[in-house]
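For reference, the structure discussed in these notes is given below.
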Protein chains: 2
Amino acid sequence: MITSTRKERERLEREAKILDLARSMLRQVGYHGLSMDRIAAEMEYSKGTIYQHFPNKEEIILALANQALEQRLGMFQQAATWSPKSRERMAGIGAAAEEFVERYPLHFAVEQIIRSASMWEKTSEERRKFMRSCDQRCLQIVSGVVRDGVAQDDLALPANTTPEDLVFGLWSLNFGAYTVITSSDTLEENGIANPIATLRRSQNLLLDGYGWQPLSSEVDYDQVMDQVRAEVFGDEQPNTP
Amino acid sequence: MITSTRKERERLEREAKILDLARSMLRQVGYHGLSMDRIAAEMEYSKGTIYQHFPNKEEIILALANQALEQRLGMFQQAATWSPKSRERMAGIGAAAEEFVERYPLHFAVEQIIRSASMWEKTSEERRKFMRSCDQRCLQIVSGVVRDGVAQDDLALPANTTPEDLVFGLWSLNFGAYTVITSSDTLEENGIANPIATLRRSQNLLLDGYGWQPLSSEVDYDQVMDQVRAEVFGDEQPNTP
DNA sequence: GTCATTTATTGACGCATAGTCAATAATTGT
DNA sequence: ACAATTATTGACTATGCGTCAATAAATGAC
């Protein structure tokens, strides 16, 4: 018997509801406050039914993370076609990363949880695969821009260096910076007055270090990033909280 | 009554034992497997006695993190006096960071936990302060090297940029890179064959971007880092696992 | 050395949560 | 209408955190 369309629709709907609820619960009561009992109570279903959808709590978290990764993937795709100039497109991706964290702080929080806590044992191979695929497609988008830069002679990579290597640096820089920002509330008093601006500069200087033309001394990429954020992401309201 | 010396000594000894045990348990059964009951059982003390030392689990984790931060602080101090040349000393600090993660992977794992999970509510102000102080002293050591670079005219910081801003970039890059490395086992098949080497290059190019002389095109900082690791950290055995 | 007082240790207890599963209710197909 | 299938329930087990009254050990006054 083929799965009835209505049934399947209802199932997916409820699954989405569970995830929405879990996300908002995560915001309100934090990671430790997130409990299956509470989800069940709030959903007005019994626990058993929730367990029909997700075999454990970790799987819910991973599903949330996957939503986040997918969301960012979309934003990267938008940003990666912004300008004909490769380095400006790269700046655009930086702007997208910024926009993502600011617009969906909870999504980033979930990503942090997933990337640090060890919760892999209990999760399904399917969802883990999806996560890898998001990571990979994201990486490909950005390294595609790098390849464009190389193709257009704006950039020459050092020996033994792949476009993905360059992206790994940017990725680390971004992820690390937002983690440090989130977890430390004494940056300002320690001489780091505007960490976001500093992250932007670090990215620019790293790319300058690679010799990606035109250098940040010649073009104001800060302005480019502001422009991307205003024109590409400016008028969209945060639909997924 | 002044605290008896012997009593106090015994107390500290047991506290150290608890932390050692917690750390090795963390390695064996992961963050989620770490439980107060198990610690108590393994210590052959009752739970109540463990709670005489630490008011909750989070406090134990934070204490472990503080040990880790202190350890790294020491390594940074050693590395920061290695060479008369400011940029070489900076490379040395990079080498120390590398050595730290490789020699004490568990320490780094604890740091990741502390920086992502929200466990601040229950911990004592005292330990939180100690953590901040470690972070701060670490930052000061590294930004001190930056200041030396500026003083010796090897480096000129951009306008509105503090030495701490520069360090924030390196810090983010390192923390992010090791987190990504730890949490992703598909780097190689995605074109990032040697992430540690890539991290090194990213650091060098970032500093090149700042114009810190001599540039990595003139000096082989890779070799400097290997040298630091061999000569400064080479013959010390990993005493704290 | 004895015993009262202080201090340390214990483990049973209350409460919260993850995950299971037999019993029950609802839906479906004939 | 009713048998077969599928969905839902919530009591139940197991585990873990943190508490606290009861018990044991150490201390010091005499």
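We name chains A, B, ... following the order of the structure tokens; residues begin at 1 in each chain, and ligands are numbered from 1 as shown.
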Kindly determine which residues of chain C lie within 8 Å of chain A, considering only C-alpha atoms (C1' of nucleotides), and give the answer as a compact mmCIF listing (two decimals) with all heavy atoms, in the first residue's frame.
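Contents of out_37.txt, freshly written:
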# COMPACT_ATOMS: atom_id res chain seq x y z
P DT C 17 12.35 18.13 33.84
OP1 DT C 17 12.91 19.38 33.33
OP2 DT C 17 10.89 17.90 33.93
O5' DT C 17 12.95 16.93 32.99
C5' DT C 17 14.36 16.72 32.95
C4' DT C 17 14.64 15.36 32.39
O4' DT C 17 14.31 14.34 33.36
C3' DT C 17 13.83 15.01 31.13
O3' DT C 17 14.73 14.80 30.07
C2' DT C 17 13.07 13.75 31.51
C1' DT C 17 13.91 13.20 32.65
N1 DT C 17 13.19 12.30 33.58
C2 DT C 17 13.70 11.04 33.80
O2 DT C 17 14.71 10.64 33.27
N3 DT C 17 12.97 10.27 34.66
C4 DT C 17 11.81 10.63 35.32
O4 DT C 17 11.25 9.85 36.07
C5 DT C 17 11.33 11.96 35.05
C7 DT C 17 10.07 12.46 35.70
C6 DT C 17 12.03 12.72 34.20
P DA C 18 14.30 14.50 28.62
OP1 DA C 18 15.08 15.38 27.75
OP2 DA C 18 12.83 14.49 28.56
O5' DA C 18 14.81 13.01 28.40
C5' DA C 18 16.20 12.75 28.51
C4' DA C 18 16.47 11.29 28.24
O4' DA C 18 15.87 10.51 29.30
C3' DA C 18 15.90 10.77 26.93
O3' DA C 18 16.87 9.93 26.31
C2' DA C 18 14.66 9.99 27.34
C1' DA C 18 14.96 9.58 28.77
N9 DA C 18 13.79 9.60 29.67
C8 DA C 18 12.97 10.65 29.94
N7 DA C 18 12.02 10.38 30.80
C5 DA C 18 12.23 9.05 31.12
C6 DA C 18 11.56 8.16 32.00
N6 DA C 18 10.50 8.51 32.72
N1 DA C 18 12.04 6.92 32.08
C2 DA C 18 13.11 6.57 31.37
N3 DA C 18 13.82 7.32 30.52
C4 DA C 18 13.32 8.56 30.44
P DG C 19 16.66 9.49 24.84
OP1 DG C 19 17.98 9.07 24.32
OP2 DG C 19 15.88 10.52 24.15
O5' DG C 19 15.76 8.18 24.97
C5' DG C 19 16.34 7.07 25.65
C4' DG C 19 15.28 6.06 25.94
O4' DG C 19 14.33 6.59 26.89
C3' DG C 19 14.43 5.60 24.74
O3' DG C 19 14.55 4.19 24.65
C2' DG C 19 13.03 6.05 25.09
C1' DG C 19 13.09 5.99 26.61
N9 DG C 19 12.04 6.71 27.32
C8 DG C 19 11.66 8.03 27.19
N7 DG C 19 10.69 8.37 28.00
C5 DG C 19 10.41 7.21 28.69
C6 DG C 19 9.45 6.95 29.71
O6 DG C 19 8.62 7.74 30.19
N1 DG C 19 9.49 5.64 30.15
C2 DG C 19 10.37 4.69 29.69
N2 DG C 19 10.29 3.48 30.23
N3 DG C 19 11.28 4.91 28.75
C4 DG C 19 11.23 6.18 28.30
Can you write out as a tab-separated table which residues of chain D fall within 8 Å of chain B, alongside each residue's closest atom pair and its distance in Å to one decimal, counting only C-alpha atoms (C1' of nucleotides) and ordering rows by chain and ascending residue number?
residue	atom	partner	partner_atom	distance
D:DG16	C1'	B:Ser35	CA	7.1
D:DC17	C1'	B:Met36	CA	7.8
D:DG18	C1'	B:Asn56	CA	7.8
> Mind listing as JSON, numbers by chain which residues of chain A are within 7 Å of chain B, counting only C-alpha atoms?
Replying inline: {"A": [112, 113, 115, 116, 117, 162, 164, 165, 169, 172, 173, 175, 176, 177, 180, 183, 191, 192, 198, 199, 202, 205, 206, 208, 209, 210]}
Could those residues be written to a file, using C-alpha atoms, as a short mmCIF file (atom, residue, chain, number, x, y, z; two decimals), in the first residue's frame?
data_model
loop_
_atom_site.label_atom_id
_atom_site.label_comp_id
_atom_site.auth_asym_id
_atom_site.auth_seq_id
_atom_site.Cartn_x
_atom_site.Cartn_y
_atom_site.Cartn_z
CA GLN A 112 27.45 25.34 18.09
CA ILE A 113 25.80 22.63 20.16
CA ARG A 115 29.65 20.89 16.61
CA SER A 116 30.86 20.57 20.16
CA ALA A 117 28.74 18.17 22.14
CA THR A 162 43.29 23.90 -2.79
CA GLU A 164 38.92 24.38 -0.13
CA ASP A 165 41.97 25.08 2.00
CA GLY A 169 40.53 29.29 6.90
CA SER A 172 37.33 28.55 10.97
CA LEU A 173 37.74 32.26 11.40
CA PHE A 175 32.90 29.97 13.36
CA GLY A 176 35.57 30.68 15.95
CA ALA A 177 34.86 34.38 16.07
CA VAL A 180 34.15 33.56 21.12
CA SER A 183 30.79 32.98 25.00
CA GLY A 191 40.47 45.94 24.01
CA ILE A 192 38.21 44.35 21.41
CA THR A 198 37.43 42.96 13.67
CA LEU A 199 36.18 39.74 12.13
CA SER A 202 40.58 39.65 9.71
CA LEU A 205 43.46 40.72 5.58
CA LEU A 206 43.54 36.95 5.25
CA ASP A 208 44.86 40.09 1.15
CA GLY A 209 47.47 37.68 2.42
CA TYR A 210 46.50 35.30 -0.37
#
>> Report as an NGL selection string all protein, DNA and RNA residues lying within 9 Å of DT27 (chain D), evaluated on only C-alpha atoms (C1' of nucleotides), omitting residues in the same chain fewer than 3 positions from it.
In response: :C and (5-7)
Store the residues of this selection in a file with C-alpha atoms (C1' of nucleotides), as a PDB file, in the first residue's frame.
ATOM      1  C1'  DT C   5      31.335  19.104  70.948  1.00  0.00           C
ATOM      2  C1'  DT C   6      32.433  19.832  66.503  1.00  0.00           C
ATOM      3  C1'  DT C   7      33.216  18.148  61.901  1.00  0.00           C
TER       4       DT C   7
END
> Can you list, as a list of chain:residue names, every protein, DNA or RNA residue that comes within 9 Å of Arg128 (chain B) when you count only C-alpha atoms (C1' of nucleotides), leaving out same-chain residues fewer than 6 positions away?
Replying inline: B:Leu62, B:Asn66, B:Trp120
Could the residues in this selection be saved with N, CA and C atoms as a compact mmCIF listing (two decimals), in the first residue's frame?
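And here is the file that came out, result_31.txt:
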# COMPACT_ATOMS: atom_id res chain seq x y z
N LEU B 62 33.83 23.24 34.97
CA LEU B 62 34.50 24.54 34.92
C LEU B 62 35.88 24.45 35.56
N ASN B 66 39.37 25.29 33.82
CA ASN B 66 40.36 26.23 34.38
C ASN B 66 41.75 25.60 34.41
N TRP B 120 26.55 28.52 32.84
CA TRP B 120 27.04 29.59 33.71
C TRP B 120 26.14 29.81 34.91
>> Using Å and a single decimal, report how far CA of Gln213 (chain B) sits from CA of Glu188 (chain A).
In response: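 So the two atoms, CA of Glu188 (chain A) and CA of Gln213 (chain B), lie 28.0 Å apart.
Neighbouring residues of region 147-156 of chain B at 6 Å or closer, counting only C-alpha atoms (C1' of nucleotides) and skipping chain neighbours under 3 positions away, are Ser86, Gly144, Trp212 and Gln213 of chain B.
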> DSSP says helix (DSSP H, G or I) for which residues of region 11-225 of chain A? Put them as an NGL selection string?
Replying inline: :A and (11-33 or 36-43 or 47-53 or 57-79 or 86-103 or 105-116 or 125-151 or 163-183 or 188-190 or 195-210 or 221-225)
> Suppose you want the space between C1' of DT19 (chain D) and CA of Leu12 (chain B); what is it in Å?
Replying inline: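 These atoms are spaced 23.9 Å apart.
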>> Just checking: using only C-alpha atoms, which residue out of A:Glu13, A:Val142, A:Gln71, A:Leu34 ends up closest to Arg89 (chain A)?
In response: A:Val142
> CA of Phe233 (chain A) and CA of Trp82 (chain A), how far apart in Å?
Replying inline: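 Those two atoms sit 11.4 Å apart.
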>> Quick one: residues within 12 Å of DG10 (chain D), only C-alpha atoms (C1' of nucleotides), excluding same-chain residues fewer than 5 positions away - as a list of chain:residue names?
In response: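 Using only C-alpha atoms (C1' of nucleotides), the neighbours found are A:Asp37, A:Ala40, A:Tyr45, A:Ser46, A:Lys47, A:Gly48, A:Thr49, C:DT20, C:DC21, C:DA22, C:DA23, C:DT24.
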Any chance you can output those residues with all heavy atoms as a short mmCIF file (atom, residue, chain, number, x, y, z; two decimals), in the first residue's frame?
data_model
loop_
_atom_site.label_atom_id
_atom_site.label_comp_id
_atom_site.auth_asym_id
_atom_site.auth_seq_id
_atom_site.Cartn_x
_atom_site.Cartn_y
_atom_site.Cartn_z
N ASP A 37 9.40 15.42 27.67
CA ASP A 37 8.13 15.55 28.38
C ASP A 37 7.50 16.91 28.10
O ASP A 37 6.31 17.00 27.83
CB ASP A 37 8.36 15.39 29.89
CG ASP A 37 8.66 13.97 30.27
OD1 ASP A 37 9.82 13.54 30.06
OD2 ASP A 37 7.77 13.27 30.74
N ALA A 40 6.18 17.13 24.64
CA ALA A 40 4.92 16.39 24.54
C ALA A 40 3.78 17.17 25.16
O ALA A 40 2.70 17.32 24.56
CB ALA A 40 5.07 15.03 25.21
N TYR A 45 0.31 16.18 22.93
CA TYR A 45 0.36 14.78 22.53
C TYR A 45 1.10 14.04 23.64
O TYR A 45 1.78 14.66 24.45
CB TYR A 45 1.13 14.61 21.22
CG TYR A 45 0.28 14.82 19.99
CD1 TYR A 45 0.41 15.99 19.25
CD2 TYR A 45 -0.61 13.85 19.58
CE1 TYR A 45 -0.36 16.19 18.11
CE2 TYR A 45 -1.39 14.04 18.44
CZ TYR A 45 -1.26 15.22 17.72
OH TYR A 45 -2.02 15.40 16.60
N SER A 46 0.99 12.74 23.63
CA SER A 46 1.73 12.01 24.65
C SER A 46 3.15 11.77 24.16
O SER A 46 3.45 11.89 22.96
CB SER A 46 1.06 10.69 24.94
OG SER A 46 1.42 9.76 23.95
N LYS A 47 4.00 11.43 25.11
CA LYS A 47 5.40 11.26 24.79
C LYS A 47 5.62 10.22 23.70
O LYS A 47 6.43 10.41 22.81
CB LYS A 47 6.15 10.85 26.07
CG LYS A 47 7.45 11.55 26.17
CD LYS A 47 8.10 11.50 27.52
CE LYS A 47 7.76 10.37 28.43
NZ LYS A 47 8.91 10.12 29.32
N GLY A 48 4.86 9.12 23.82
CA GLY A 48 5.01 8.05 22.83
C GLY A 48 4.87 8.54 21.41
O GLY A 48 5.60 8.11 20.51
N THR A 49 3.94 9.44 21.20
CA THR A 49 3.72 9.95 19.84
C THR A 49 4.92 10.76 19.36
O THR A 49 5.33 10.64 18.19
CB THR A 49 2.45 10.82 19.81
OG1 THR A 49 1.36 10.01 20.24
CG2 THR A 49 2.17 11.31 18.41
P DT C 20 13.73 3.35 23.59
OP1 DT C 20 14.70 2.42 22.98
OP2 DT C 20 12.93 4.26 22.75
"O5'" DT C 20 12.72 2.50 24.47
"C5'" DT C 20 13.21 1.84 25.64
"C4'" DT C 20 12.13 0.95 26.21
"O4'" DT C 20 11.14 1.76 26.90
"C3'" DT C 20 11.34 0.13 25.19
"O3'" DT C 20 11.11 -1.16 25.77
"C2'" DT C 20 10.05 0.94 25.00
"C1'" DT C 20 9.84 1.48 26.41
N1 DT C 20 9.09 2.75 26.54
C2 DT C 20 8.09 2.83 27.48
O2 DT C 20 7.77 1.91 28.20
N3 DT C 20 7.47 4.05 27.55
C4 DT C 20 7.75 5.18 26.80
O4 DT C 20 7.13 6.22 26.96
C5 DT C 20 8.81 5.02 25.83
C7 DT C 20 9.19 6.18 24.96
C6 DT C 20 9.42 3.83 25.75
P DC C 21 10.73 -2.39 24.84
OP1 DC C 21 11.68 -3.46 25.20
OP2 DC C 21 10.58 -1.94 23.44
"O5'" DC C 21 9.28 -2.82 25.35
"C5'" DC C 21 8.85 -2.45 26.65
"C4'" DC C 21 7.33 -2.55 26.72
"O4'" DC C 21 6.77 -1.21 26.72
"C3'" DC C 21 6.67 -3.27 25.54
"O3'" DC C 21 5.54 -3.97 26.02
"C2'" DC C 21 6.24 -2.13 24.62
"C1'" DC C 21 5.81 -1.11 25.68
N1 DC C 21 5.82 0.30 25.21
C2 DC C 21 5.04 1.24 25.89
O2 DC C 21 4.36 0.86 26.85
N3 DC C 21 5.05 2.52 25.47
C4 DC C 21 5.81 2.87 24.43
N4 DC C 21 5.79 4.16 24.06
C5 DC C 21 6.62 1.93 23.72
C6 DC C 21 6.60 0.66 24.15
P DA C 22 5.39 -5.52 25.65
OP1 DA C 22 6.44 -6.20 26.40
OP2 DA C 22 5.30 -5.68 24.17
"O5'" DA C 22 3.98 -5.89 26.28
"C5'" DA C 22 3.79 -5.75 27.68
"C4'" DA C 22 2.50 -5.00 27.97
"O4'" DA C 22 2.58 -3.66 27.40
"C3'" DA C 22 1.24 -5.64 27.37
"O3'" DA C 22 0.19 -5.52 28.32
"C2'" DA C 22 0.98 -4.80 26.13
"C1'" DA C 22 1.44 -3.41 26.59
N9 DA C 22 1.86 -2.51 25.52
C8 DA C 22 2.58 -2.81 24.41
N7 DA C 22 2.81 -1.77 23.63
C5 DA C 22 2.20 -0.71 24.29
C6 DA C 22 2.09 0.66 23.98
N6 DA C 22 2.62 1.21 22.89
N1 DA C 22 1.43 1.43 24.85
C2 DA C 22 0.91 0.87 25.95
N3 DA C 22 0.94 -0.40 26.35
C4 DA C 22 1.62 -1.15 25.45
P DA C 23 -1.27 -6.17 28.05
OP1 DA C 23 -1.61 -6.91 29.28
OP2 DA C 23 -1.27 -6.84 26.73
"O5'" DA C 23 -2.18 -4.88 27.97
"C5'" DA C 23 -2.14 -3.95 29.04
"C4'" DA C 23 -2.90 -2.71 28.64
"O4'" DA C 23 -2.18 -2.03 27.59
"C3'" DA C 23 -4.31 -2.97 28.10
"O3'" DA C 23 -5.20 -2.04 28.70
"C2'" DA C 23 -4.17 -2.76 26.60
"C1'" DA C 23 -3.09 -1.68 26.56
N9 DA C 23 -2.34 -1.60 25.31
C8 DA C 23 -1.70 -2.61 24.65
N7 DA C 23 -1.07 -2.22 23.56
C5 DA C 23 -1.31 -0.86 23.51
C6 DA C 23 -0.93 0.14 22.60
N6 DA C 23 -0.17 -0.10 21.52
N1 DA C 23 -1.34 1.41 22.83
C2 DA C 23 -2.09 1.64 23.93
N3 DA C 23 -2.51 0.78 24.86
C4 DA C 23 -2.09 -0.46 24.59
P DT C 24 -6.80 -2.16 28.41
OP1 DT C 24 -7.48 -1.84 29.67
OP2 DT C 24 -7.08 -3.43 27.69
"O5'" DT C 24 -7.03 -0.96 27.41
"C5'" DT C 24 -6.69 0.37 27.82
"C4'" DT C 24 -6.83 1.28 26.62
"O4'" DT C 24 -5.86 0.93 25.61
"C3'" DT C 24 -8.20 1.23 25.94
"O3'" DT C 24 -8.76 2.52 25.98
"C2'" DT C 24 -7.89 0.75 24.52
"C1'" DT C 24 -6.44 1.19 24.36
N1 DT C 24 -5.64 0.46 23.33
C2 DT C 24 -5.07 1.19 22.32
O2 DT C 24 -5.17 2.39 22.21
N3 DT C 24 -4.34 0.44 21.42
C4 DT C 24 -4.14 -0.94 21.44
O4 DT C 24 -3.47 -1.49 20.57
C5 DT C 24 -4.78 -1.63 22.52
C7 DT C 24 -4.64 -3.12 22.64
C6 DT C 24 -5.49 -0.91 23.42
#
